[in-house]
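Asks: The following file, coords.tsv, comprises TSV, C-alpha atoms:
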```
chain	number	residue	atom	x	y	z
A	1	ALA	CA	0.00	0.00	0.00
A	2	GLN	CA	1.09	3.54	-0.68
A	3	SER	CA	1.94	5.85	2.18
A	4	VAL	CA	3.26	9.38	2.35
A	5	SER	CA	4.98	10.90	5.35
A	6	GLN	CA	5.54	14.60	5.88
A	7	HIS	CA	8.13	15.34	8.50
A	8	ASN	CA	6.74	18.51	10.03
A	9	HIS	CA	3.23	19.27	11.22
A	10	HIS	CA	3.71	23.02	11.70
A	11	VAL	CA	6.58	25.27	10.65
A	12	ILE	CA	6.90	28.89	11.71
A	13	LEU	CA	9.30	31.16	9.83
A	14	SER	CA	10.15	34.82	9.45
A	15	GLU	CA	9.98	36.50	6.07
A	16	ALA	CA	13.10	35.98	3.93
A	17	ALA	CA	13.97	32.75	5.75
A	18	SER	CA	14.50	29.61	3.72
A	19	LEU	CA	11.94	26.83	3.75
A	20	GLU	CA	12.41	23.10	3.37
A	21	LEU	CA	9.59	20.62	3.87
A	22	GLY	CA	10.36	16.93	3.96
A	23	CYS	CA	8.33	14.22	2.27
A	24	ASN	CA	9.00	10.50	2.11
A	25	TYR	CA	6.85	7.91	0.42
A	26	SER	CA	6.43	4.18	0.31
A	27	TYR	CA	5.30	2.50	-2.90
A	28	GLY	CA	6.34	-0.63	-4.73
A	29	GLY	CA	6.52	0.76	-8.24
A	30	THR	CA	7.01	3.81	-10.42
A	31	VAL	CA	5.45	6.96	-9.04
A	32	ASN	CA	4.54	10.47	-10.02
A	33	LEU	CA	5.10	13.02	-7.25
A	34	PHE	CA	3.34	16.26	-6.43
A	35	TRP	CA	3.26	19.14	-4.00
A	36	TYR	CA	-0.04	20.93	-3.51
A	37	VAL	CA	-0.72	24.11	-1.55
A	38	GLN	CA	-3.91	25.24	0.15
A	39	TYR	CA	-3.96	28.95	1.00
A	40	PRO	CA	-6.42	30.06	3.69
A	41	GLY	CA	-9.93	29.97	2.28
A	42	GLN	CA	-8.81	28.69	-1.10
A	43	HIS	CA	-8.83	25.33	-2.81
A	44	LEU	CA	-5.91	23.00	-3.39
A	45	GLN	CA	-3.50	24.20	-6.07
A	46	LEU	CA	-0.68	22.33	-7.74
A	47	LEU	CA	2.72	23.80	-6.85
A	48	LEU	CA	4.89	21.42	-8.84
A	49	LYS	CA	5.15	17.86	-10.09
A	50	TYR	CA	7.72	15.24	-10.98
A	51	PHE	CA	7.02	12.59	-13.58
A	52	SER	CA	10.46	11.73	-14.96
A	53	GLY	CA	13.74	13.29	-16.08
A	54	ASP	CA	15.63	15.95	-14.12
A	55	PRO	CA	15.03	15.18	-10.44
A	56	LEU	CA	15.13	18.88	-9.58
A	57	VAL	CA	11.82	20.43	-10.59
A	58	LYS	CA	10.71	24.01	-10.42
A	59	GLY	CA	7.18	25.11	-9.76
A	60	ILE	CA	5.19	28.25	-9.31
A	61	LYS	CA	5.99	31.10	-6.92
A	62	GLY	CA	9.68	30.24	-6.64
A	63	PHE	CA	9.23	26.75	-5.21
A	64	GLU	CA	11.36	23.80	-6.21
A	65	ALA	CA	11.58	20.15	-5.18
A	66	GLU	CA	14.15	17.43	-5.48
A	67	PHE	CA	13.34	13.78	-6.07
A	68	ILE	CA	15.88	11.43	-4.52
A	69	LYS	CA	14.90	7.95	-5.66
A	70	SER	CA	17.27	6.10	-3.34
A	71	LYS	CA	15.74	7.85	-0.33
A	72	PHE	CA	12.12	7.75	-1.57
A	73	SER	CA	12.01	11.46	-0.87
A	74	PHE	CA	10.58	14.52	-2.57
A	75	ASN	CA	11.48	17.56	-0.47
A	76	LEU	CA	10.09	21.01	-1.17
A	77	ARG	CA	12.25	24.13	-0.92
A	78	LYS	CA	12.01	27.87	-1.27
A	79	PRO	CA	15.07	30.07	-0.71
A	80	SER	CA	13.22	33.09	0.67
A	81	VAL	CA	9.63	32.97	1.92
A	82	GLN	CA	7.10	35.76	1.95
A	83	TRP	CA	4.16	36.38	4.24
A	84	SER	CA	1.90	35.27	1.37
A	85	ASP	CA	3.41	31.77	1.53
A	86	THR	CA	1.43	31.12	4.71
A	87	ALA	CA	-0.57	28.04	3.80
A	88	GLU	CA	-0.89	24.30	4.21
A	89	TYR	CA	1.37	22.20	2.01
A	90	PHE	CA	0.63	18.64	0.96
A	91	CYS	CA	2.94	16.11	-0.60
A	92	ALA	CA	1.17	13.54	-2.78
A	93	VAL	CA	2.10	10.39	-4.66
A	94	MET	CA	0.40	8.60	-7.52
A	95	GLY	CA	1.50	5.19	-8.69
A	96	VAL	CA	1.71	5.10	-12.46
A	97	GLY	CA	-1.54	3.52	-13.67
A	98	ASP	CA	-3.19	3.88	-10.24
A	99	TYR	CA	-5.29	6.98	-10.94
A	100	LYS	CA	-5.38	7.97	-7.26
A	101	LEU	CA	-3.40	10.44	-5.20
A	102	SER	CA	-2.19	9.45	-1.75
A	103	PHE	CA	-1.58	12.52	0.37
A	104	GLY	CA	0.62	13.22	3.32
A	105	ALA	CA	-0.92	14.70	6.46
A	106	GLY	CA	0.10	18.20	5.42
A	107	THR	CA	2.41	20.83	6.89
A	108	THR	CA	1.07	24.16	8.05
A	109	VAL	CA	3.53	26.92	7.26
A	110	THR	CA	3.17	30.24	9.06
A	111	VAL	CA	5.34	33.11	7.84
A	112	ARG	CA	5.66	36.03	10.23
A	113	ALA	CA	6.11	39.47	8.74
B	1	LYS	CA	-11.07	27.89	-18.99
B	2	ALA	CA	-13.42	27.66	-16.07
B	3	GLY	CA	-12.17	25.59	-13.18
B	4	VAL	CA	-13.73	22.58	-11.51
B	5	THR	CA	-17.10	23.46	-10.07
B	6	GLN	CA	-18.85	21.69	-7.24
B	7	THR	CA	-22.41	22.04	-6.03
B	8	PRO	CA	-23.65	22.67	-3.50
B	9	ARG	CA	-20.86	24.39	-1.61
B	10	TYR	CA	-22.40	23.78	1.79
B	11	LEU	CA	-24.85	21.18	2.99
B	12	ILE	CA	-26.37	20.24	6.34
B	13	LYS	CA	-28.00	16.84	6.68
B	14	THR	CA	-29.33	14.66	9.47
B	15	ARG	CA	-28.06	11.22	10.38
B	16	GLY	CA	-29.72	8.52	8.29
B	17	GLN	CA	-30.40	10.77	5.33
B	18	GLN	CA	-28.66	10.49	2.00
B	19	VAL	CA	-26.88	13.15	-0.01
B	20	THR	CA	-25.78	13.68	-3.60
B	21	LEU	CA	-22.88	15.95	-4.50
B	22	SER	CA	-22.13	17.16	-8.00
B	23	CYS	CA	-18.93	17.97	-9.84
B	24	SER	CA	-18.35	19.53	-13.24
B	25	PRO	CA	-14.80	19.03	-14.52
B	26	ILE	CA	-12.73	21.44	-16.54
B	27	SER	CA	-13.82	21.37	-20.17
B	28	GLY	CA	-12.02	18.58	-22.02
B	29	HIS	CA	-11.05	16.65	-18.90
B	30	ARG	CA	-12.44	13.11	-18.92
B	31	SER	CA	-11.16	11.89	-15.56
B	32	VAL	CA	-12.84	12.87	-12.30
B	33	SER	CA	-11.70	11.88	-8.81
B	34	TRP	CA	-13.29	12.38	-5.41
B	35	TYR	CA	-11.56	12.88	-2.07
B	36	GLN	CA	-12.70	13.32	1.50
B	37	GLN	CA	-10.86	15.83	3.70
B	38	THR	CA	-11.21	15.76	7.49
B	39	PRO	CA	-9.01	17.18	10.28
B	40	GLY	CA	-8.40	13.70	11.68
B	41	GLN	CA	-7.86	11.60	8.56
B	42	GLY	CA	-6.59	14.23	6.15
B	43	LEU	CA	-7.18	13.78	2.43
B	44	GLN	CA	-8.43	10.34	1.47
B	45	PHE	CA	-9.21	9.01	-1.99
B	46	LEU	CA	-12.77	7.89	-2.62
B	47	PHE	CA	-12.95	6.91	-6.31
B	48	GLU	CA	-11.94	7.85	-9.84
B	49	TYR	CA	-13.91	7.76	-13.07
B	50	PHE	CA	-12.88	7.97	-16.70
B	51	SER	CA	-15.34	7.83	-19.55
B	52	GLU	CA	-18.12	6.68	-17.21
B	53	THR	CA	-16.03	3.78	-15.83
B	54	GLN	CA	-14.75	3.54	-12.29
B	55	ARG	CA	-11.05	2.77	-12.52
B	56	ASN	CA	-10.10	2.85	-8.85
B	57	LYS	CA	-11.84	2.93	-5.49
B	58	GLY	CA	-10.61	3.81	-2.02
B	59	ASN	CA	-11.29	2.08	1.27
B	60	PHE	CA	-14.70	3.49	2.05
B	61	PRO	CA	-17.88	1.58	2.91
B	62	GLY	CA	-20.44	0.79	0.25
B	63	ARG	CA	-22.57	3.70	1.45
B	64	PHE	CA	-20.27	5.86	-0.67
B	65	SER	CA	-20.92	5.56	-4.38
B	66	GLY	CA	-20.38	7.58	-7.48
B	67	ARG	CA	-21.01	7.79	-11.16
B	68	GLN	CA	-19.92	9.72	-14.19
B	69	PHE	CA	-22.06	10.87	-17.06
B	70	SER	CA	-21.28	11.00	-20.77
B	71	ASN	CA	-20.45	14.72	-20.52
B	72	SER	CA	-17.83	13.84	-17.83
B	73	ARG	CA	-19.83	15.43	-15.01
B	74	SER	CA	-19.78	13.31	-11.90
B	75	GLU	CA	-21.90	12.77	-8.84
B	76	MET	CA	-21.16	11.07	-5.57
B	77	ASN	CA	-23.79	9.75	-3.22
B	78	VAL	CA	-23.61	8.93	0.45
B	79	SER	CA	-26.49	6.94	1.88
B	80	THR	CA	-27.46	6.49	5.52
B	81	LEU	CA	-25.34	9.40	6.68
B	82	GLU	CA	-23.33	9.09	9.87
B	83	LEU	CA	-21.85	11.87	12.02
B	84	GLY	CA	-18.38	10.80	10.89
B	85	ASP	CA	-19.26	11.62	7.28
B	86	SER	CA	-18.99	15.32	8.12
B	87	ALA	CA	-16.15	16.50	5.91
B	88	LEU	CA	-15.06	18.57	2.96
B	89	TYR	CA	-15.61	16.55	-0.22
B	90	LEU	CA	-13.27	17.50	-3.02
B	91	CYS	CA	-13.58	16.75	-6.67
B	92	ALA	CA	-10.63	16.88	-9.05
B	93	SER	CA	-10.49	16.64	-12.81
B	94	SER	CA	-7.41	15.30	-14.45
B	95	PHE	CA	-5.50	15.87	-17.64
B	96	GLU	CA	-2.16	14.29	-18.51
B	97	GLY	CA	-1.62	13.12	-14.95
B	98	GLU	CA	-2.28	16.45	-13.24
B	99	GLN	CA	-5.28	16.79	-10.97
B	100	TYR	CA	-7.07	20.12	-10.64
B	101	PHE	CA	-9.21	20.52	-7.56
B	102	GLY	CA	-12.53	22.23	-7.05
B	103	PRO	CA	-13.48	24.29	-4.00
B	104	GLY	CA	-15.24	21.37	-2.34
B	105	THR	CA	-18.61	20.73	-0.74
B	106	ARG	CA	-18.69	21.15	3.03
B	107	LEU	CA	-21.04	18.49	4.41
B	108	THR	CA	-22.18	18.69	8.00
B	109	VAL	CA	-24.13	15.77	9.46
B	110	THR	CA	-26.11	16.47	12.62
```
Output the file's structure as structure tokens, nothing else.
Replies:
Amino acid sequence: AQSVSQHNHHVILSEAASLELGCNYSYGGTVNLFWYVQYPGQHLQLLLKYFSGDPLVKGIKGFEAEFIKSKFSFNLRKPSVQWSDTAEYFCAVMGVGDYKLSFGAGTTVTVRA
Amino acid sequence: KAGVTQTPRYLIKTRGQQVTLSCSPISGHRSVSWYQQTPGQGLQFLFEYFSETQRNKGNFPGRFSGRQFSNSRSEMNVSTLELGDSALYLCASSFEGEQYFGPGTRLTVT
């Protein structure tokens, strides 16, 4: 069975600090990997995705993530956060041919101005 | 393009009743998935449809069912509602492996 583990439940940062959110997954096959963001009062939005190729992927709003196959990890990073990055972040995995996303528990990120 | 739309946005039902939620995917998207979001269990997959066929189903009781119509619109139904069914129900339409989520239907069971 698939499982996704996000390392932090709640992260509090000051503006301009760097952000890194950990995500590890368990799945016995080829996967596609995603990070979604849910801003307060808004619906889930795709930040970035990895299907194949370069393991370092760039997404919207300055976010990037690195897929490390040997560690079953897909960590999200942003060099300098803004107050507007306050949101809940979800890592998700889809087995190729599965048609379902398995989500981590989510990490709440609070950026203090 | 318009995004994924879900109706109704909010719903209050009583235990034992049934409910039907509706989802209209982004134009051209033929795959629709449903998820349940609760504070305790997080986001959990319910089922996925493509061209009116269910391709995958999550670990939910048979009270949860769904269907997809020829225009790709989808409905999910929950019968004999329980208090624990209170949740945000999210619909997502998919294209080339990316899922785009709607705003959800907030169901409260009293």
Asks: May I have the protein, DNA and RNA residues with an atom at most 7 Å from (-4.0, 20.9, 7.8), counting all atoms listed in the file in the file's coordinates, returned as number ranges by chain?
Replies: A: 88, 106-108; B: 39
Asks: Go ahead and write the residues just picked, C-alpha atoms, as a tab-separated table (two decimals), keeping the file's coordinate frame.
Replies:
```
chain	number	residue	atom	x	y	z
A	88	GLU	CA	-0.89	24.30	4.21
A	106	GLY	CA	0.10	18.20	5.42
A	107	THR	CA	2.41	20.83	6.89
A	108	THR	CA	1.07	24.16	8.05
B	39	PRO	CA	-9.01	17.18	10.28
```
Asks: Which residue, B:Ser24, B:Gln17, B:Gln36, B:Asn77, has the smallest gap to chain A when you use all atoms listed in the file?
Replies: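 Going through B:Ser24, B:Gln17, B:Gln36, B:Asn77 one by one, the smallest distance to chain A is for B:Gln36.
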Asks: Would you list the contacts of A:His43 as a PDB file with C-alpha atoms, keeping the file's coordinate frame, taking every protein, DNA or RNA residue within 7 Å and counting all atoms listed in the file, but skipping same-chain residues closer than 6 positions in sequence?
Replies:
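What ended up in selection38.pdb:
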```
ATOM      1  CA  PHE B 101      -9.210  20.520  -7.560  1.00  0.00           C
ATOM      2  CA  GLY B 102     -12.530  22.230  -7.050  1.00  0.00           C
ATOM      3  CA  PRO B 103     -13.480  24.290  -4.000  1.00  0.00           C
TER       4      PRO B 103
END
```
Asks: Report as a PyMOL selection string the set of chain B residues whose atoms approach chain A to within 10 Å, with distances computed over only C-alpha atoms.
Replies: chain B and resi 31-35+39-50+55-58+90+92+94+97-104
Asks: Which distance in Å separates atom CA of A:Arg77 and atom CA of A:Ala113, to one decimal?
Replies: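 Separation of atom CA of A:Arg77 and atom CA of A:Ala113: 19.1 Å.
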Asks: Rounded to one decimal in Å, what is the spacing between atom CA of B:Gly62 and atom CA of B:Val4?
Replies: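 Those two atoms sit 25.7 Å apart.
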